>>> print(open('query-v4.cif').read())   # mmCIF, C-alpha atoms; chains and numbers go by the auth columns
data_run
loop_
_atom_site.group_PDB
_atom_site.id
_atom_site.type_symbol
_atom_site.label_atom_id
_atom_site.label_comp_id
_atom_site.label_asym_id
_atom_site.label_seq_id
_atom_site.Cartn_x
_atom_site.Cartn_y
_atom_site.Cartn_z
_atom_site.B_iso_or_equiv
_atom_site.auth_seq_id
_atom_site.auth_asym_id
ATOM 1 C CA MET A 1 -66.825 72.266 -99.911 0.00 1 A
ATOM 2 C CA THR A 2 -67.479 71.579 -103.561 0.00 2 A
ATOM 3 C CA ASP A 3 -66.369 68.356 -105.233 0.00 3 A
ATOM 4 C CA GLN A 4 -63.797 70.296 -107.263 0.00 4 A
ATOM 5 C CA ALA A 5 -62.316 71.953 -104.147 0.00 5 A
ATOM 6 C CA SER A 6 -62.299 68.594 -102.370 0.00 6 A
ATOM 7 C CA ASN A 7 -60.457 66.943 -105.278 0.00 7 A
ATOM 8 C CA ARG A 8 -57.896 69.756 -105.381 0.00 8 A
ATOM 9 C CA SER A 9 -57.084 69.418 -101.652 0.00 9 A
ATOM 10 C CA THR A 10 -56.892 65.620 -102.008 0.00 10 A
ATOM 11 C CA ASP A 11 -54.586 65.968 -105.036 0.00 11 A
ATOM 12 C CA GLN A 12 -52.328 68.373 -103.141 0.00 12 A
ATOM 13 C CA ALA A 13 -52.270 66.061 -100.114 0.00 13 A
ATOM 14 C CA THR A 14 -51.101 63.145 -102.286 0.00 14 A
ATOM 15 C CA ASP A 15 -48.795 65.169 -104.568 0.00 15 A
ATOM 16 C CA ASN A 16 -45.615 64.456 -102.661 0.00 16 A
ATOM 17 C CA ALA A 17 -43.034 61.741 -102.132 0.00 17 A
ATOM 18 C CA GLY A 18 -44.979 60.104 -99.308 0.00 18 A
ATOM 19 C CA ILE A 19 -42.231 60.629 -96.727 0.00 19 A
ATOM 20 C CA GLN A 20 -43.928 60.586 -93.321 0.00 20 A
ATOM 21 C CA PHE A 21 -40.891 60.685 -91.006 0.00 21 A
ATOM 22 C CA PRO A 22 -38.711 63.836 -91.154 0.00 22 A
ATOM 23 C CA PRO A 23 -35.415 62.771 -92.823 0.00 23 A
ATOM 24 C CA PRO A 24 -33.166 64.825 -90.498 0.00 24 A
ATOM 25 C CA PHE A 25 -34.256 62.579 -87.623 0.00 25 A
ATOM 26 C CA ILE A 26 -32.938 59.572 -89.539 0.00 26 A
ATOM 27 C CA TYR A 27 -29.534 61.195 -89.083 0.00 27 A
ATOM 28 C CA ILE A 28 -29.984 62.647 -85.598 0.00 28 A
ATOM 29 C CA ILE A 29 -31.244 59.541 -83.778 0.00 29 A
ATOM 30 C CA PRO A 30 -28.288 57.253 -84.681 0.00 30 A
ATOM 31 C CA LEU A 31 -25.869 60.145 -84.126 0.00 31 A
ATOM 32 C CA VAL A 32 -27.143 60.649 -80.579 0.00 32 A
ATOM 33 C CA LEU A 33 -27.147 56.883 -79.962 0.00 33 A
ATOM 34 C CA GLY A 34 -23.556 56.666 -81.246 0.00 34 A
ATOM 35 C CA ILE A 35 -22.445 59.539 -79.008 0.00 35 A
ATOM 36 C CA LEU A 36 -24.112 57.894 -75.999 0.00 36 A
ATOM 37 C CA ALA A 37 -22.544 54.523 -76.843 0.00 37 A
ATOM 38 C CA GLU A 38 -19.143 56.236 -77.072 0.00 38 A
ATOM 39 C CA HIS A 39 -19.675 57.590 -73.572 0.00 39 A
ATOM 40 C CA TRP A 40 -20.337 54.103 -72.195 0.00 40 A
ATOM 41 C CA TRP A 41 -17.972 52.091 -74.432 0.00 41 A
ATOM 42 C CA PRO A 42 -15.255 54.434 -75.726 0.00 42 A
ATOM 43 C CA LEU A 43 -13.481 53.606 -78.994 0.00 43 A
ATOM 44 C CA VAL A 44 -11.269 56.702 -79.266 0.00 44 A
ATOM 45 C CA ILE A 45 -8.878 56.341 -82.201 0.00 45 A
ATOM 46 C CA LEU A 46 -7.900 59.888 -83.227 0.00 46 A
ATOM 47 C CA PRO A 47 -6.044 62.582 -81.292 0.00 47 A
ATOM 48 C CA VAL A 48 -8.151 65.504 -80.063 0.00 48 A
ATOM 49 C CA TRP A 49 -6.622 68.069 -82.445 0.00 49 A
ATOM 50 C CA LEU A 50 -7.383 65.886 -85.476 0.00 50 A
ATOM 51 C CA ARG A 51 -10.961 65.219 -84.334 0.00 51 A
ATOM 52 C CA MET A 52 -11.485 68.973 -83.920 0.00 52 A
ATOM 53 C CA VAL A 53 -10.069 69.746 -87.373 0.00 53 A
ATOM 54 C CA LEU A 54 -12.090 66.995 -89.072 0.00 54 A
ATOM 55 C CA GLY A 55 -15.221 67.932 -87.139 0.00 55 A
ATOM 56 C CA GLY A 56 -14.911 71.627 -87.939 0.00 56 A
ATOM 57 C CA LEU A 57 -14.141 70.959 -91.592 0.00 57 A
ATOM 58 C CA SER A 58 -17.081 68.550 -91.902 0.00 58 A
ATOM 59 C CA LEU A 59 -19.461 71.071 -90.315 0.00 59 A
ATOM 60 C CA ALA A 60 -18.205 73.861 -92.588 0.00 60 A
ATOM 61 C CA ILE A 61 -18.739 71.653 -95.657 0.00 61 A
ATOM 62 C CA SER A 62 -22.159 70.692 -94.316 0.00 62 A
ATOM 63 C CA LEU A 63 -23.223 74.303 -93.896 0.00 63 A
ATOM 64 C CA GLY A 64 -22.008 75.208 -97.368 0.00 64 A
ATOM 65 C CA ILE A 65 -23.899 72.340 -98.987 0.00 65 A
ATOM 66 C CA LEU A 66 -27.085 72.807 -96.939 0.00 66 A
ATOM 67 C CA ILE A 67 -27.226 76.567 -97.481 0.00 67 A
ATOM 68 C CA THR A 68 -26.591 76.377 -101.227 0.00 68 A
ATOM 69 C CA GLY A 69 -29.073 73.506 -101.628 0.00 69 A
ATOM 70 C CA ALA A 70 -31.828 75.268 -99.678 0.00 70 A
ATOM 71 C CA TYR A 71 -31.075 78.557 -101.468 0.00 71 A
ATOM 72 C CA GLU A 72 -31.454 76.915 -104.875 0.00 72 A
ATOM 73 C CA LEU A 73 -34.820 75.379 -103.912 0.00 73 A
ATOM 74 C CA ARG A 74 -36.064 78.716 -102.531 0.00 74 A
ATOM 75 C CA ARG A 75 -34.772 80.606 -105.577 0.00 75 A
ATOM 76 C CA ASN A 76 -36.773 78.243 -107.794 0.00 76 A
ATOM 77 C CA LYS A 77 -39.825 78.536 -105.511 0.00 77 A
ATOM 78 C CA THR A 78 -40.228 74.837 -104.812 0.00 78 A
ATOM 79 C CA ALA A 79 -40.568 72.767 -101.648 0.00 79 A
ATOM 80 C CA ILE A 80 -37.655 72.013 -99.353 0.00 80 A
ATOM 81 C CA VAL A 81 -39.449 69.392 -97.252 0.00 81 A
ATOM 82 C CA PRO A 82 -40.416 66.097 -98.935 0.00 82 A
ATOM 83 C CA HIS A 83 -44.046 66.087 -97.760 0.00 83 A
ATOM 84 C CA ASP A 84 -44.781 69.224 -99.820 0.00 84 A
ATOM 85 C CA PRO A 85 -45.353 69.085 -103.595 0.00 85 A
ATOM 86 C CA ALA A 86 -42.417 69.789 -105.905 0.00 86 A
ATOM 87 C CA THR A 87 -43.389 72.578 -108.293 0.00 87 A
ATOM 88 C CA VAL A 88 -40.159 72.729 -110.312 0.00 88 A
ATOM 89 C CA LEU A 89 -37.396 70.287 -111.203 0.00 89 A
ATOM 90 C CA VAL A 90 -34.300 72.106 -109.944 0.00 90 A
ATOM 91 C CA GLU A 91 -31.205 71.335 -112.016 0.00 91 A
ATOM 92 C CA SER A 92 -29.183 74.502 -111.409 0.00 92 A
ATOM 93 C CA GLY A 93 -26.543 75.429 -108.850 0.00 93 A
ATOM 94 C CA ILE A 94 -25.470 72.591 -106.597 0.00 94 A
ATOM 95 C CA TYR A 95 -28.239 70.451 -108.131 0.00 95 A
ATOM 96 C CA SER A 96 -26.179 70.320 -111.315 0.00 96 A
ATOM 97 C CA ARG A 97 -23.577 68.303 -109.350 0.00 97 A
ATOM 98 C CA THR A 98 -25.652 66.202 -106.956 0.00 98 A
ATOM 99 C CA ARG A 99 -29.318 65.238 -106.940 0.00 99 A
ATOM 100 C CA ASN A 100 -29.420 65.145 -103.133 0.00 100 A
ATOM 101 C CA PRO A 101 -27.387 68.014 -101.708 0.00 101 A
ATOM 102 C CA LEU A 102 -29.501 68.324 -98.569 0.00 102 A
ATOM 103 C CA TYR A 103 -28.985 64.664 -97.644 0.00 103 A
ATOM 104 C CA LEU A 104 -25.309 64.939 -98.568 0.00 104 A
ATOM 105 C CA GLY A 105 -25.040 68.015 -96.341 0.00 105 A
ATOM 106 C CA LEU A 106 -26.642 66.078 -93.502 0.00 106 A
ATOM 107 C CA ILE A 107 -24.005 63.345 -93.917 0.00 107 A
ATOM 108 C CA PHE A 108 -21.260 65.940 -93.392 0.00 108 A
ATOM 109 C CA PHE A 109 -23.232 67.391 -90.455 0.00 109 A
ATOM 110 C CA TYR A 110 -23.405 63.905 -88.941 0.00 110 A
ATOM 111 C CA LEU A 111 -19.678 63.324 -89.490 0.00 111 A
ATOM 112 C CA GLY A 112 -18.817 66.714 -88.014 0.00 112 A
ATOM 113 C CA PHE A 113 -20.571 65.984 -84.752 0.00 113 A
ATOM 114 C CA ALA A 114 -19.319 62.397 -84.685 0.00 114 A
ATOM 115 C CA PHE A 115 -15.745 63.726 -84.878 0.00 115 A
ATOM 116 C CA LEU A 116 -16.315 66.553 -82.386 0.00 116 A
ATOM 117 C CA PHE A 117 -17.849 64.143 -79.873 0.00 117 A
ATOM 118 C CA SER A 118 -15.195 61.537 -80.637 0.00 118 A
ATOM 119 C CA SER A 119 -17.799 58.940 -81.491 0.00 119 A
ATOM 120 C CA LEU A 120 -16.500 56.070 -83.551 0.00 120 A
ATOM 121 C CA TRP A 121 -19.802 54.346 -82.751 0.00 121 A
ATOM 122 C CA ALA A 122 -21.665 57.085 -84.645 0.00 122 A
ATOM 123 C CA ILE A 123 -19.297 56.674 -87.598 0.00 123 A
ATOM 124 C CA ILE A 124 -19.886 52.915 -87.519 0.00 124 A
ATOM 125 C CA LEU A 125 -23.647 53.589 -87.748 0.00 125 A
ATOM 126 C CA LEU A 126 -23.337 56.009 -90.692 0.00 126 A
ATOM 127 C CA PRO A 127 -23.520 53.361 -93.483 0.00 127 A
ATOM 128 C CA ASP A 128 -26.819 52.178 -91.966 0.00 128 A
ATOM 129 C CA VAL A 129 -28.097 55.766 -91.943 0.00 129 A
ATOM 130 C CA ILE A 130 -27.158 56.166 -95.613 0.00 130 A
ATOM 131 C CA PHE A 131 -28.858 52.858 -96.454 0.00 131 A
ATOM 132 C CA VAL A 132 -32.088 53.929 -94.729 0.00 132 A
ATOM 133 C CA ILE A 133 -32.028 57.348 -96.426 0.00 133 A
ATOM 134 C CA GLN A 134 -31.457 55.776 -99.864 0.00 134 A
ATOM 135 C CA ARG A 135 -33.992 52.979 -99.432 0.00 135 A
ATOM 136 C CA PHE A 136 -36.832 54.709 -97.599 0.00 136 A
ATOM 137 C CA VAL A 137 -36.464 58.383 -98.509 0.00 137 A
ATOM 138 C CA ILE A 138 -34.523 58.921 -101.728 0.00 138 A
ATOM 139 C CA ALA A 139 -36.151 55.952 -103.498 0.00 139 A
ATOM 140 C CA LYS A 140 -39.605 57.359 -102.707 0.00 140 A
ATOM 141 C CA GLU A 141 -38.566 60.846 -103.754 0.00 141 A
ATOM 142 C CA GLU A 142 -37.114 59.568 -107.031 0.00 142 A
ATOM 143 C CA ALA A 143 -40.291 57.621 -107.825 0.00 143 A
ATOM 144 C CA TYR A 144 -42.369 60.718 -107.076 0.00 144 A
ATOM 145 C CA LEU A 145 -40.154 62.985 -109.203 0.00 145 A
ATOM 146 C CA GLU A 146 -40.343 60.494 -112.094 0.00 146 A
ATOM 147 C CA ARG A 147 -44.152 60.583 -111.884 0.00 147 A
ATOM 148 C CA ARG A 148 -44.218 64.351 -111.518 0.00 148 A
ATOM 149 C CA PHE A 149 -41.633 65.387 -114.135 0.00 149 A
ATOM 150 C CA GLY A 150 -41.400 62.303 -116.368 0.00 150 A
ATOM 151 C CA GLU A 151 -38.726 62.301 -119.064 0.00 151 A
ATOM 152 C CA ALA A 152 -37.136 65.527 -117.780 0.00 152 A
ATOM 153 C CA TYR A 153 -36.332 63.835 -114.453 0.00 153 A
ATOM 154 C CA LEU A 154 -35.064 60.660 -116.143 0.00 154 A
ATOM 155 C CA GLU A 155 -32.682 62.759 -118.267 0.00 155 A
ATOM 156 C CA TYR A 156 -31.558 64.652 -115.148 0.00 156 A
ATOM 157 C CA LYS A 157 -30.846 61.317 -113.386 0.00 157 A
ATOM 158 C CA GLN A 158 -28.646 60.304 -116.313 0.00 158 A
ATOM 159 C CA ARG A 159 -26.610 63.534 -116.121 0.00 159 A
ATOM 160 C CA VAL A 160 -26.293 64.000 -112.355 0.00 160 A
ATOM 161 C CA GLY A 161 -25.313 61.401 -109.786 0.00 161 A
ATOM 162 C CA ARG A 162 -27.305 60.676 -106.654 0.00 162 A
ATOM 163 C CA TRP A 163 -24.494 61.819 -104.377 0.00 163 A
ATOM 164 C CA PHE A 164 -21.751 63.252 -106.630 0.00 164 A
#
>>> encode(input="query-v4.cif", output="structure tokens")
Amino acid sequence: MTDQASNRSTDQATDNAGIQFPPPFIYIIPLVLGILAEHWWPLVILPVWLRMVLGGLSLAISLGILITGAYELRRNKTAIVPHDPATVLVESGIYSRTRNPLYLGLIFFYLGFAFLFSSLWAIILLPDVIFVIQRFVIAKEEAYLERRFGEAYLEYKQRVGRWF
């Protein structure tokens, strides 16, 4: 391999947000732990019909957000997963309303299953999940996008909120 080819593969390997752990697992692990805790130490507070409605509604919202977010990334031909390089700063579609629609969609996914499985424990863990996502995933992604897109990303951050 030539020095130039070696440098290109090294650049591509480091041209990402540096997220090593798949973000969906940051949601799934506490959700499963909360559901298991609910089985052993129940904290049921809502009637079944209301849990089903809230769970179904949350999952429907989740699917809508996740599909539109992924569609917009694909349409703009850029990476969906944070360990791949971002080729374009996407500001259109749902990204004109939230900078993190995929993580927002995963919050609604989490809530949907927490309601369907009647897990108040999972709901209690959700603020911790959001903290971890903001601190260890979104913060790294934002720093990467600032390096990658500079002033354009800083202007985008001013116009569009992290969550809403």
>>> residues_around(input="query-v4.cif", residues="range 62-73 of chain A", least_positions_apart="2", cutoff="9 Å", atoms="all atoms listed in the file", output="list in words")
Leu57, Ser58, Leu59, Ala60, Arg75, Asn76, Lys77, Thr78, Ala79, Ile80, Val88, Val90, Ser92, Gly93, Ile94, Tyr95, Asn100, Pro101, Leu102, Tyr103, Leu104, Gly105, Leu106, Ile107, Phe108, Phe109, Tyr110 and Gly112 of chain A
>>> resolve_selection(input="query-v4.cif", expression="the PyMOL selection byres ((chain A and resi 140-146) around 10)", output="ChimeraX atom specification")
/A:15-19,82-83,85-86,88-89,99,133-139,147-154,157,162
>>> atom_distance(input="query-v4.cif", atom1="CA of Val160 in chain A", atom2="CA of Glu91 in chain A")
8.8 Å
>>> closest_residue(input="query-v4.cif", among="A:Leu46, A:Phe131, A:Gly34, A:Arg51", to="Phe115 in chain A", atoms="all atoms listed in the file")
A:Arg51
>>> closest_residue(input="query-v4.cif", among="A:Leu126, A:Leu120, A:Thr87, A:Thr98", to="Phe164 in chain A", atoms="all atoms listed in the file")
A:Thr98
>>> closest_residue(input="query-v4.cif", among="A:Ile45, A:Ile130, A:Leu54, A:Ile35", to="Leu111 in chain A", atoms="only C-alpha atoms")
A:Leu54
>>> residues_near_point(input="query-v4.cif", point="(-28.0, 56.1, -83.4)", cutoff="12 Å", atoms="all atoms listed in the file", output="ChimeraX atom specification")
/A:25-38,110,114,119-129
>>> write_last_selection(input="query-v4.cif", atoms="C-alpha atoms", output="PDB file, in the coordinates of the input")
ATOM      1  CA  PHE A  25     -34.256  62.579 -87.623  1.00  0.00           C
ATOM      2  CA  ILE A  26     -32.938  59.572 -89.539  1.00  0.00           C
ATOM      3  CA  TYR A  27     -29.534  61.195 -89.083  1.00  0.00           C
ATOM      4  CA  ILE A  28     -29.984  62.647 -85.598  1.00  0.00           C
ATOM      5  CA  ILE A  29     -31.244  59.541 -83.778  1.00  0.00           C
ATOM      6  CA  PRO A  30     -28.288  57.253 -84.681  1.00  0.00           C
ATOM      7  CA  LEU A  31     -25.869  60.145 -84.126  1.00  0.00           C
ATOM      8  CA  VAL A  32     -27.143  60.649 -80.579  1.00  0.00           C
ATOM      9  CA  LEU A  33     -27.147  56.883 -79.962  1.00  0.00           C
ATOM     10  CA  GLY A  34     -23.556  56.666 -81.246  1.00  0.00           C
ATOM     11  CA  ILE A  35     -22.445  59.539 -79.008  1.00  0.00           C
ATOM     12  CA  LEU A  36     -24.112  57.894 -75.999  1.00  0.00           C
ATOM     13  CA  ALA A  37     -22.544  54.523 -76.843  1.00  0.00           C
ATOM     14  CA  GLU A  38     -19.143  56.236 -77.072  1.00  0.00           C
ATOM     15  CA  TYR A 110     -23.405  63.905 -88.941  1.00  0.00           C
ATOM     16  CA  ALA A 114     -19.319  62.397 -84.685  1.00  0.00           C
ATOM     17  CA  SER A 119     -17.799  58.940 -81.491  1.00  0.00           C
ATOM     18  CA  LEU A 120     -16.500  56.070 -83.551  1.00  0.00           C
ATOM     19  CA  TRP A 121     -19.802  54.346 -82.751  1.00  0.00           C
ATOM     20  CA  ALA A 122     -21.665  57.085 -84.645  1.00  0.00           C
ATOM     21  CA  ILE A 123     -19.297  56.674 -87.598  1.00  0.00           C
ATOM     22  CA  ILE A 124     -19.886  52.915 -87.519  1.00  0.00           C
ATOM     23  CA  LEU A 125     -23.647  53.589 -87.748  1.00  0.00           C
ATOM     24  CA  LEU A 126     -23.337  56.009 -90.692  1.00  0.00           C
ATOM     25  CA  PRO A 127     -23.520  53.361 -93.483  1.00  0.00           C
ATOM     26  CA  ASP A 128     -26.819  52.178 -91.966  1.00  0.00           C
ATOM     27  CA  VAL A 129     -28.097  55.766 -91.943  1.00  0.00           C
TER      28      VAL A 129
END
>>> atom_distance(input="query-v4.cif", atom1="CA of Gly56 in chain A", atom2="CA of Arg74 in chain A")
26.7 Å
